[in-house]
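Coordinates as given in upload.tsv (TSV, C-alpha atoms):
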```
chain	number	residue	atom	x	y	z
V	1	MET	CA	-9.79	-16.04	47.19
V	2	ALA	CA	-11.93	-15.69	44.05
V	3	PHE	CA	-14.35	-12.76	43.82
V	4	THR	CA	-17.23	-14.68	42.24
V	5	SER	CA	-20.76	-15.80	43.01
V	6	GLU	CA	-22.82	-18.83	42.04
V	7	TYR	CA	-25.25	-16.49	40.25
V	8	LEU	CA	-24.55	-15.15	36.75
V	9	LEU	CA	-26.26	-11.77	37.33
V	10	ILE	CA	-24.12	-11.08	40.39
V	11	ASN	CA	-20.98	-11.99	38.42
V	12	ILE	CA	-21.99	-9.57	35.67
V	13	VAL	CA	-22.34	-6.83	38.29
V	14	LEU	CA	-18.95	-7.78	39.76
V	15	PHE	CA	-17.41	-7.64	36.26
V	16	VAL	CA	-18.82	-4.13	35.68
V	17	ILE	CA	-17.55	-3.02	39.10
V	18	GLY	CA	-14.14	-4.48	38.27
V	19	VAL	CA	-13.95	-2.61	34.95
V	20	THR	CA	-15.03	0.66	36.61
V	21	VAL	CA	-12.54	0.37	39.48
V	22	LEU	CA	-9.76	-0.67	37.08
V	23	VAL	CA	-10.33	2.21	34.65
V	24	LYS	CA	-10.73	4.84	37.38
V	25	GLY	CA	-7.67	3.56	39.21
V	26	SER	CA	-5.68	3.79	35.97
V	27	ASP	CA	-6.87	7.36	35.43
V	28	TRP	CA	-5.82	8.39	38.95
V	29	PHE	CA	-2.48	6.65	38.60
V	30	VAL	CA	-1.67	8.57	35.41
V	31	ASP	CA	-2.60	11.87	37.09
V	32	ALA	CA	-0.47	11.08	40.15
V	33	ALA	CA	2.51	9.83	38.13
V	34	ALA	CA	2.41	12.86	35.83
V	35	SER	CA	2.27	15.20	38.82
V	36	LEU	CA	5.25	13.46	40.44
V	37	ALA	CA	7.16	13.61	37.16
V	38	ARG	CA	6.50	17.35	36.80
V	39	SER	CA	7.61	17.98	40.37
V	40	PHE	CA	10.95	16.35	39.54
V	41	GLY	CA	11.34	18.35	36.31
V	42	VAL	CA	10.61	15.60	33.78
V	43	PRO	CA	9.70	17.18	30.38
V	44	GLU	CA	6.00	17.23	29.55
V	45	LEU	CA	6.45	15.58	26.15
V	46	VAL	CA	8.21	12.63	27.73
V	47	ILE	CA	5.28	12.34	30.14
V	48	GLY	CA	2.82	12.36	27.27
V	49	LEU	CA	4.67	9.88	25.06
V	50	THR	CA	5.33	7.41	27.84
V	51	LEU	CA	2.99	7.85	30.82
V	52	VAL	CA	-0.14	8.51	28.77
V	53	SER	CA	0.40	5.56	26.42
V	54	ILE	CA	1.45	3.21	29.21
V	55	GLY	CA	-1.16	4.63	31.56
V	56	THR	CA	-4.04	3.96	29.19
V	57	SER	CA	-2.68	0.41	28.83
V	58	LEU	CA	-2.67	-0.19	32.61
V	59	PRO	CA	-6.06	-2.00	32.56
V	60	GLU	CA	-4.70	-4.45	29.98
V	61	LEU	CA	-1.45	-4.81	31.94
V	62	ALA	CA	-3.12	-5.43	35.30
V	63	SER	CA	-5.78	-7.85	34.04
V	64	SER	CA	-3.30	-9.73	31.83
V	65	LEU	CA	-0.70	-10.09	34.61
V	66	CYS	CA	-3.45	-11.35	36.91
V	67	ALA	CA	-4.41	-13.88	34.24
V	68	ALA	CA	-0.73	-14.85	33.83
V	69	PHE	CA	-0.51	-15.80	37.51
V	70	TYR	CA	-3.75	-17.76	37.05
V	71	ASN	CA	-2.14	-19.48	34.01
V	72	GLU	CA	-4.90	-18.28	31.63
V	73	PRO	CA	-2.99	-17.62	28.36
V	74	ASN	CA	-6.15	-17.45	26.22
V	75	PHE	CA	-7.34	-14.52	28.33
V	76	ILE	CA	-4.03	-12.67	27.82
V	77	ILE	CA	-3.88	-13.19	24.06
V	78	GLY	CA	-7.53	-12.27	23.61
V	79	ASN	CA	-7.18	-9.19	25.82
V	80	ILE	CA	-4.18	-7.74	23.96
V	81	VAL	CA	-5.16	-8.74	20.42
V	82	GLY	CA	-8.75	-7.66	21.04
V	83	SER	CA	-7.66	-4.35	22.60
V	84	ASN	CA	-5.29	-3.49	19.74
V	85	THR	CA	-8.01	-4.29	17.21
V	86	ALA	CA	-10.59	-2.27	19.16
V	87	ASN	CA	-8.19	0.67	19.59
V	88	ILE	CA	-7.87	1.17	15.83
V	89	ALA	CA	-11.09	-0.19	14.36
V	90	LEU	CA	-13.58	0.82	17.08
V	91	ILE	CA	-12.06	3.74	19.00
V	92	LEU	CA	-10.17	5.51	16.21
V	93	GLY	CA	-13.09	4.77	13.88
V	94	ALA	CA	-15.53	6.37	16.33
V	95	GLY	CA	-13.18	9.33	16.82
V	96	LEU	CA	-12.98	9.95	13.08
V	97	LEU	CA	-16.74	9.65	12.73
V	98	LEU	CA	-17.30	12.18	15.53
V	99	GLY	CA	-14.53	14.60	14.60
V	100	GLY	CA	-14.87	14.42	10.82
V	101	GLY	CA	-11.11	14.09	10.28
V	102	LEU	CA	-7.76	13.98	12.00
V	103	ASN	CA	-4.41	15.58	11.13
V	104	PHE	CA	-1.19	13.84	12.14
V	105	ASP	CA	2.57	14.24	12.33
V	106	ARG	CA	4.22	12.42	9.41
V	107	LYS	CA	6.76	11.00	11.88
V	108	VAL	CA	4.03	8.69	13.15
V	109	ALA	CA	3.65	7.13	9.69
V	110	TRP	CA	7.39	6.43	9.32
V	111	ARG	CA	8.50	5.62	12.88
V	112	ASP	CA	5.70	4.38	15.14
V	113	MET	CA	3.20	2.74	12.79
V	114	PRO	CA	5.77	0.47	11.06
V	115	LEU	CA	6.99	-0.62	14.49
V	116	LEU	CA	3.45	-1.51	15.60
V	117	LEU	CA	2.88	-3.57	12.45
V	118	ALA	CA	6.30	-5.26	12.69
V	119	LEU	CA	5.67	-6.18	16.33
V	120	GLY	CA	2.23	-7.61	15.51
V	121	ILE	CA	3.55	-9.72	12.64
V	122	GLY	CA	6.58	-10.80	14.67
V	123	LEU	CA	4.37	-11.85	17.58
V	124	MET	CA	2.16	-13.90	15.26
V	125	LEU	CA	5.08	-15.65	13.54
V	126	TRP	CA	6.91	-16.35	16.80
V	127	TYR	CA	3.71	-17.78	18.32
V	128	TYR	CA	3.13	-20.04	15.31
V	129	TRP	CA	6.78	-21.11	15.12
V	130	GLY	CA	6.77	-21.91	18.83
V	131	GLY	CA	10.55	-21.80	19.14
V	132	ASP	CA	10.46	-21.22	22.90
V	133	ALA	CA	7.08	-22.83	23.62
V	134	PRO	CA	7.01	-25.05	26.73
V	135	ALA	CA	7.55	-28.79	26.43
V	136	GLY	CA	4.55	-30.53	24.90
V	137	ALA	CA	3.26	-27.42	23.10
V	138	GLU	CA	3.78	-27.08	19.36
V	139	HIS	CA	2.87	-23.39	19.26
V	140	GLY	CA	3.31	-20.61	21.78
V	141	PHE	CA	5.19	-17.54	22.92
V	142	GLY	CA	7.63	-18.14	25.75
V	143	ARG	CA	10.06	-16.44	28.09
V	144	ILE	CA	12.81	-15.77	25.53
V	145	GLY	CA	10.35	-13.90	23.35
V	146	GLY	CA	9.11	-12.03	26.42
V	147	VAL	CA	12.60	-10.84	27.32
V	148	ILE	CA	13.18	-9.68	23.73
V	149	LEU	CA	9.94	-7.68	23.83
V	150	LEU	CA	10.90	-6.04	27.14
V	151	VAL	CA	14.27	-5.02	25.66
V	152	ILE	CA	12.46	-3.49	22.66
V	153	CYS	CA	10.16	-1.70	25.12
V	154	ALA	CA	13.13	-0.14	26.91
V	155	VAL	CA	14.86	0.89	23.66
V	156	TYR	CA	11.67	2.39	22.21
V	157	SER	CA	11.01	4.37	25.40
V	158	VAL	CA	14.54	5.80	25.30
V	159	ILE	CA	14.11	6.77	21.64
V	160	LEU	CA	10.83	8.52	22.47
V	161	ALA	CA	12.41	10.38	25.36
V	162	SER	CA	15.44	11.47	23.33
V	163	SER	CA	13.24	12.73	20.47
V	164	GLY	CA	11.03	14.75	22.79
V	165	GLN	CA	12.88	18.04	22.43
V	166	ASP	CA	12.16	20.75	19.86
V	167	ASN	CA	14.71	23.16	18.38
V	168	ASP	CA	14.71	25.38	21.46
V	169	GLY	CA	15.23	22.45	23.81
V	170	LYS	CA	11.69	22.80	25.11
V	171	THR	CA	8.81	20.45	24.65
V	172	ALA	CA	5.60	21.21	22.85
V	173	GLU	CA	3.58	20.16	25.87
V	174	ALA	CA	5.68	22.37	28.10
V	175	ASN	CA	4.83	25.30	25.87
V	176	ASP	CA	1.15	24.35	26.10
V	177	ALA	CA	1.47	24.18	29.86
V	178	ALA	CA	2.90	27.70	29.89
V	179	GLU	CA	-0.15	28.91	28.01
V	180	ALA	CA	-2.60	27.06	30.26
V	181	PRO	CA	-0.97	26.39	33.67
V	182	GLU	CA	-2.11	23.22	35.40
V	183	ALA	CA	-2.07	22.81	39.14
V	184	VAL	CA	0.42	20.27	40.40
V	185	MET	CA	-0.52	18.36	43.54
V	186	SER	CA	2.00	17.99	46.34
V	187	ARG	CA	4.41	15.06	46.17
V	188	SER	CA	2.92	13.45	49.28
V	189	LYS	CA	-0.62	13.71	47.86
V	190	ALA	CA	0.53	12.39	44.47
V	191	PHE	CA	2.34	9.47	46.11
V	192	GLY	CA	-0.70	8.61	48.24
V	193	LEU	CA	-3.00	8.80	45.20
V	194	ALA	CA	-0.62	6.56	43.22
V	195	VAL	CA	-0.68	3.92	45.99
V	196	LEU	CA	-4.49	4.05	46.18
V	197	ALA	CA	-4.72	3.82	42.40
V	198	LEU	CA	-2.46	0.75	42.32
V	199	ILE	CA	-4.68	-0.95	44.91
V	200	MET	CA	-7.75	-0.14	42.80
V	201	ILE	CA	-6.04	-1.44	39.66
V	202	THR	CA	-5.12	-4.70	41.40
V	203	LEU	CA	-8.60	-5.28	42.83
V	204	GLY	CA	-10.34	-4.29	39.59
V	205	ALA	CA	-8.15	-6.62	37.55
V	206	LYS	CA	-8.81	-9.53	39.91
V	207	LEU	CA	-12.57	-8.93	39.77
V	208	MET	CA	-12.46	-8.94	35.96
V	209	VAL	CA	-10.35	-12.06	35.63
V	210	ASP	CA	-12.22	-14.01	38.32
V	211	THR	CA	-15.62	-13.36	36.76
V	212	VAL	CA	-14.43	-14.10	33.21
V	213	VAL	CA	-12.81	-17.38	34.28
V	214	TRP	CA	-15.96	-18.36	36.22
V	215	THR	CA	-18.20	-17.56	33.24
V	216	ALA	CA	-15.97	-19.47	30.84
V	217	GLU	CA	-15.90	-22.55	33.07
V	218	ARG	CA	-19.58	-22.63	34.01
V	219	MET	CA	-21.01	-21.70	30.60
V	220	GLN	CA	-18.36	-23.68	28.66
V	221	VAL	CA	-17.31	-20.60	26.70
V	222	ASN	CA	-13.79	-20.14	25.38
V	223	PRO	CA	-12.05	-17.43	27.51
V	224	LEU	CA	-10.52	-16.20	24.24
V	225	LEU	CA	-14.00	-15.19	23.01
V	226	ILE	CA	-14.82	-13.18	26.14
V	227	SER	CA	-11.43	-11.49	26.25
V	228	LEU	CA	-11.45	-10.66	22.51
V	229	THR	CA	-14.74	-8.80	22.88
V	230	VAL	CA	-16.09	-7.79	26.30
V	231	VAL	CA	-12.78	-7.60	28.19
V	232	ALA	CA	-10.95	-5.91	25.30
V	233	ILE	CA	-13.56	-3.15	25.06
V	234	GLY	CA	-13.66	-2.73	28.84
V	235	THR	CA	-9.89	-2.36	29.18
V	236	SER	CA	-9.81	0.00	26.17
V	237	LEU	CA	-12.05	2.59	27.86
V	238	PRO	CA	-9.08	4.84	28.81
V	239	GLU	CA	-7.95	4.94	25.16
V	240	LEU	CA	-11.53	5.79	24.18
V	241	ALA	CA	-11.65	8.69	26.65
V	242	VAL	CA	-8.27	10.10	25.57
V	243	THR	CA	-8.98	9.69	21.85
V	244	VAL	CA	-12.45	11.26	21.91
V	245	ALA	CA	-11.23	14.14	24.09
V	246	GLY	CA	-8.26	14.66	21.76
V	247	VAL	CA	-10.45	14.72	18.65
V	248	LEU	CA	-13.04	17.06	20.15
V	249	LYS	CA	-10.33	19.43	21.47
V	250	LYS	CA	-8.47	19.28	18.13
V	251	ARG	CA	-5.43	17.67	19.78
V	252	ASP	CA	-5.04	15.26	16.89
V	253	ASP	CA	-1.50	14.09	17.67
V	254	ILE	CA	-2.53	13.11	21.17
V	255	ALA	CA	-5.56	11.20	19.86
V	256	LEU	CA	-3.64	9.24	17.21
V	257	GLY	CA	-0.42	8.94	19.22
V	258	ASN	CA	-2.32	7.39	22.11
V	259	ILE	CA	-3.87	4.76	19.83
V	260	ILE	CA	-0.58	3.74	18.21
V	261	GLY	CA	1.52	4.11	21.36
V	262	SER	CA	-0.88	2.00	23.42
V	263	GLY	CA	-0.84	-0.69	20.73
V	264	ILE	CA	2.96	-0.81	20.84
V	265	TYR	CA	3.13	-0.95	24.64
V	266	ASN	CA	0.36	-3.57	24.74
V	267	ILE	CA	2.70	-5.89	22.84
V	268	VAL	CA	6.18	-5.04	24.11
V	269	LEU	CA	5.29	-4.36	27.74
V	270	ILE	CA	2.24	-6.49	28.48
V	271	ILE	CA	2.91	-9.54	26.30
V	272	GLY	CA	6.56	-9.22	27.35
V	273	CYS	CA	5.79	-9.24	31.08
V	274	CYS	CA	3.10	-11.92	30.89
V	275	SER	CA	5.13	-14.34	28.77
V	276	VAL	CA	8.01	-14.05	31.27
V	277	VAL	CA	5.57	-15.07	34.02
V	278	THR	CA	3.97	-17.90	32.01
V	279	PRO	CA	4.44	-19.06	28.40
V	280	LEU	CA	1.48	-18.13	26.20
V	281	THR	CA	-0.08	-21.21	24.65
V	282	GLY	CA	-3.70	-22.14	24.07
V	283	ASP	CA	-6.28	-21.98	21.29
V	284	THR	CA	-3.76	-21.85	18.43
V	285	GLN	CA	-6.08	-21.66	15.43
V	286	ASN	CA	-8.27	-18.86	16.78
V	287	SER	CA	-5.31	-17.04	18.35
V	288	ILE	CA	-3.45	-16.94	15.03
V	289	MET	CA	-6.59	-15.87	13.16
V	290	SER	CA	-7.25	-13.05	15.61
V	291	MET	CA	-3.63	-11.88	15.23
V	292	ILE	CA	-4.02	-11.89	11.44
V	293	ILE	CA	-7.09	-9.65	11.79
V	294	MET	CA	-5.24	-7.36	14.22
V	295	ASN	CA	-2.38	-6.97	11.74
V	296	LEU	CA	-4.73	-6.39	8.80
V	297	VAL	CA	-6.41	-3.56	10.69
V	298	ALA	CA	-3.00	-2.04	11.51
V	299	ALA	CA	-1.91	-2.41	7.86
V	300	VAL	CA	-5.03	-0.57	6.67
V	301	LEU	CA	-4.28	2.29	9.07
V	302	TRP	CA	-0.68	2.45	7.84
V	303	VAL	CA	-1.85	2.63	4.21
V	304	PHE	CA	-4.23	5.47	5.12
V	305	LEU	CA	-1.38	7.32	6.87
V	306	LEU	CA	1.01	6.88	3.94
V	307	THR	CA	-1.44	7.90	1.22
V	308	ASN	CA	-3.13	10.88	2.88
V	309	LYS	CA	-2.10	14.01	4.77
V	310	LYS	CA	-4.95	13.46	7.24
V	311	LEU	CA	-7.48	10.81	8.22
V	312	TYR	CA	-11.08	11.30	7.07
V	313	ARG	CA	-14.56	10.41	8.31
V	314	TRP	CA	-15.14	7.84	5.55
V	315	GLN	CA	-12.06	5.96	6.77
V	316	GLY	CA	-13.60	5.89	10.24
V	317	VAL	CA	-16.71	4.26	8.74
V	318	ILE	CA	-14.49	1.57	7.16
V	319	PHE	CA	-12.83	0.90	10.53
V	320	LEU	CA	-16.20	0.61	12.30
V	321	LEU	CA	-17.54	-1.79	9.68
V	322	GLY	CA	-14.35	-3.81	10.05
V	323	TYR	CA	-14.81	-3.99	13.83
V	324	ALA	CA	-18.40	-5.16	13.36
V	325	ALA	CA	-17.09	-7.94	11.11
V	326	PHE	CA	-14.40	-8.83	13.68
V	327	THR	CA	-17.02	-9.06	16.44
V	328	LEU	CA	-19.25	-11.24	14.28
V	329	TRP	CA	-16.30	-13.56	13.52
V	330	SER	CA	-15.45	-13.78	17.24
V	331	ILE	CA	-19.01	-14.76	18.18
V	332	CYS	CA	-19.51	-17.23	15.33
V	333	CYS	CA	-16.08	-18.86	15.07
V	334	VAL	CA	-14.39	-18.75	18.50
V	335	LYS	CA	-15.95	-21.63	20.38
```
Just dump the structure as structure tokens.
Amino acid sequence: MAFTSEYLLINIVLFVIGVTVLVKGSDWFVDAAASLARSFGVPELVIGLTLVSIGTSLPELASSLCAAFYNEPNFIIGNIVGSNTANIALILGAGLLLGGGLNFDRKVAWRDMPLLLALGIGLMLWYYWGGDAPAGAEHGFGRIGGVILLVICAVYSVILASSGQDNDGKTAEANDAAEAPEAVMSRSKAFGLAVLALIMITLGAKLMVDTVVWTAERMQVNPLLISLTVVAIGTSLPELAVTVAGVLKKRDDIALGNIIGSGIYNIVLIIGCCSVVTPLTGDTQNSIMSMIIMNLVAAVLWVFLLTNKKLYRWQGVIFLLGYAAFTLWSICCVK
């Protein structure tokens, strides 16, 4: 059953409701999962490096998987490429503009950022090469590529977990927790909240995808355009909340780590899962161009990280101007 109406205004309202339910469900799921993890003694740093990054990517994961079962590859590509571009250019740019600057751990510049850029370039080249594209498609990203990405996802998560200990065998977040104790909900309450959150995520994702597909079909608009812009910003709201809160609270590593970590998991986890469900083919020219822009934005961030000890407000202005240009290109060129 499709959650749509014959009237555009009602579909816009349904889309907004879907985004709200999806984002709130994701927020509750992260809280519940983190509480369950703490109750079983999982280190806080591991929770932060994995659950927070994956948790803020849940809207992209849910909506993209829903689109995969609908066989809407343009939606998936636009959602992930648009979200990664928005995470750096729009959200990090806004965070830098608000906070005036951001310090960072040099490890991010040498471990995580190169991986994000390598994954983005690899995804683009594999898509263009189309080595495992389905029969009849010259370009695309298929199931073999998806399995490779999921393996990389598992290896990267293990590396993060194994590097999450400091010299005393305790995590930085655990030390923070000792300074400011946080109430942990009961396991039964956390489990119940996680189930409710998953239901909300599923329903919110279906509302989003249904209304976008309806709009694209009725108004003869490329789903790639909608997903590159409106959907990408909507599903990036959790990253926006975490990044702005991190900047304002001077938790710079959380703010930047969430941006980069979410970008990595968007590719290895979400593209990996979706391409296993259905090969990603579609609007090749615009898909490749949007990936080029995504990688250029990531490359600029990497250059800033390598050449400075912190990120500055003027760099945030550059990112925001770049996102404005990306949006203008999407509207004018993606038909």
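Considering all atoms listed in the file, the residue among V:Ile288, V:Ala216, V:Leu61, V:Leu203 positioned nearest to Ile271 (chain V) is V:Leu61.
Residue nearest Gly93 (chain V), chosen from V:Gly263, V:Pro134, V:Pro59, V:Gly316 and counting all atoms listed in the file: V:Gly316.
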- Item | For region 115-117 of chain V: contacts at 10 Å, all atoms listed in the file, fewer than 5 positions along chain excluded, given as JSON, numbers by chain | {"V": [84, 108, 109, 110, 122, 123, 156, 260, 261, 262, 263, 264, 265, 266, 267, 268, 294, 295, 296, 297, 298, 299, 301, 302]}
- Message: Nearest residue to Leu98 (chain V) out of V:Ile17, V:Ala62, V:Ala245, V:Ile292, using all atoms listed in the file?
- Response: V:Ala245
- Item | Option closest in space to Leu198 (chain V), from V:Ser64, V:Asn222, V:Asn286, V:Ser26 [counting all atoms listed in the file] |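 Once distances to Leu198 (chain V) are computed over all atoms listed in the file, the minimum belongs to V:Ser26.
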- Excluding Tyr70 (chain V) and any residue of its chain fewer than 4 positions from it, enumerate the residues within 9 Å of it, using all atoms listed in the file, and give them as a list in words.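 So, after excluding close chain neighbours, the residues are Leu65, Cys66 and Val209 of chain V.
Of the listed residues (V:Gly18, V:Gly82, V:Gly55, V:Gly25), V:Gly82 comes nearest to Ile226 (chain V); the distances count only C-alpha atoms.
CA of Ala241 (chain V) is found 11.5 Å from CA of Ile254 (chain V).
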- Task: Excluding Trp129 (chain V) and residues on its chain fewer than 4 positions from it, collect all residues at most 8 Å away from it, counting all atoms listed in the file, and give them as a ChimeraX atom specification.
- Result: /V:125,138-140
- Item | All residues 8 Å or closer to Thr281 (chain V), only C-alpha atoms, same chain fewer than 6 positions away omitted, as a PyMOL selection string | chain V and resi 73-74+133+137+139-141
- Give me the residues within 10 Å of Phe40 (chain V) as a list in words, counting only C-alpha atoms and dropping any in the same chain fewer than 5 places off.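 Everything that qualifies: Ala34, Ser35 and Arg187 of chain V.
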With C-alpha atoms kept, could you save the residues just selected as a PDB file, in the frame of the given file?
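Produced file result25.pdb, reproduced below:
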```pdb
ATOM      1  CA  ALA V  34       2.410  12.860  35.830  1.00  0.00           C
ATOM      2  CA  SER V  35       2.270  15.200  38.820  1.00  0.00           C
ATOM      3  CA  ARG V 187       4.410  15.060  46.170  1.00  0.00           C
TER       4      ARG V 187
END
```
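Across the model, the gap from CA of Ser330 (chain V) to CA of Leu92 (chain V) is 20.0 Å.
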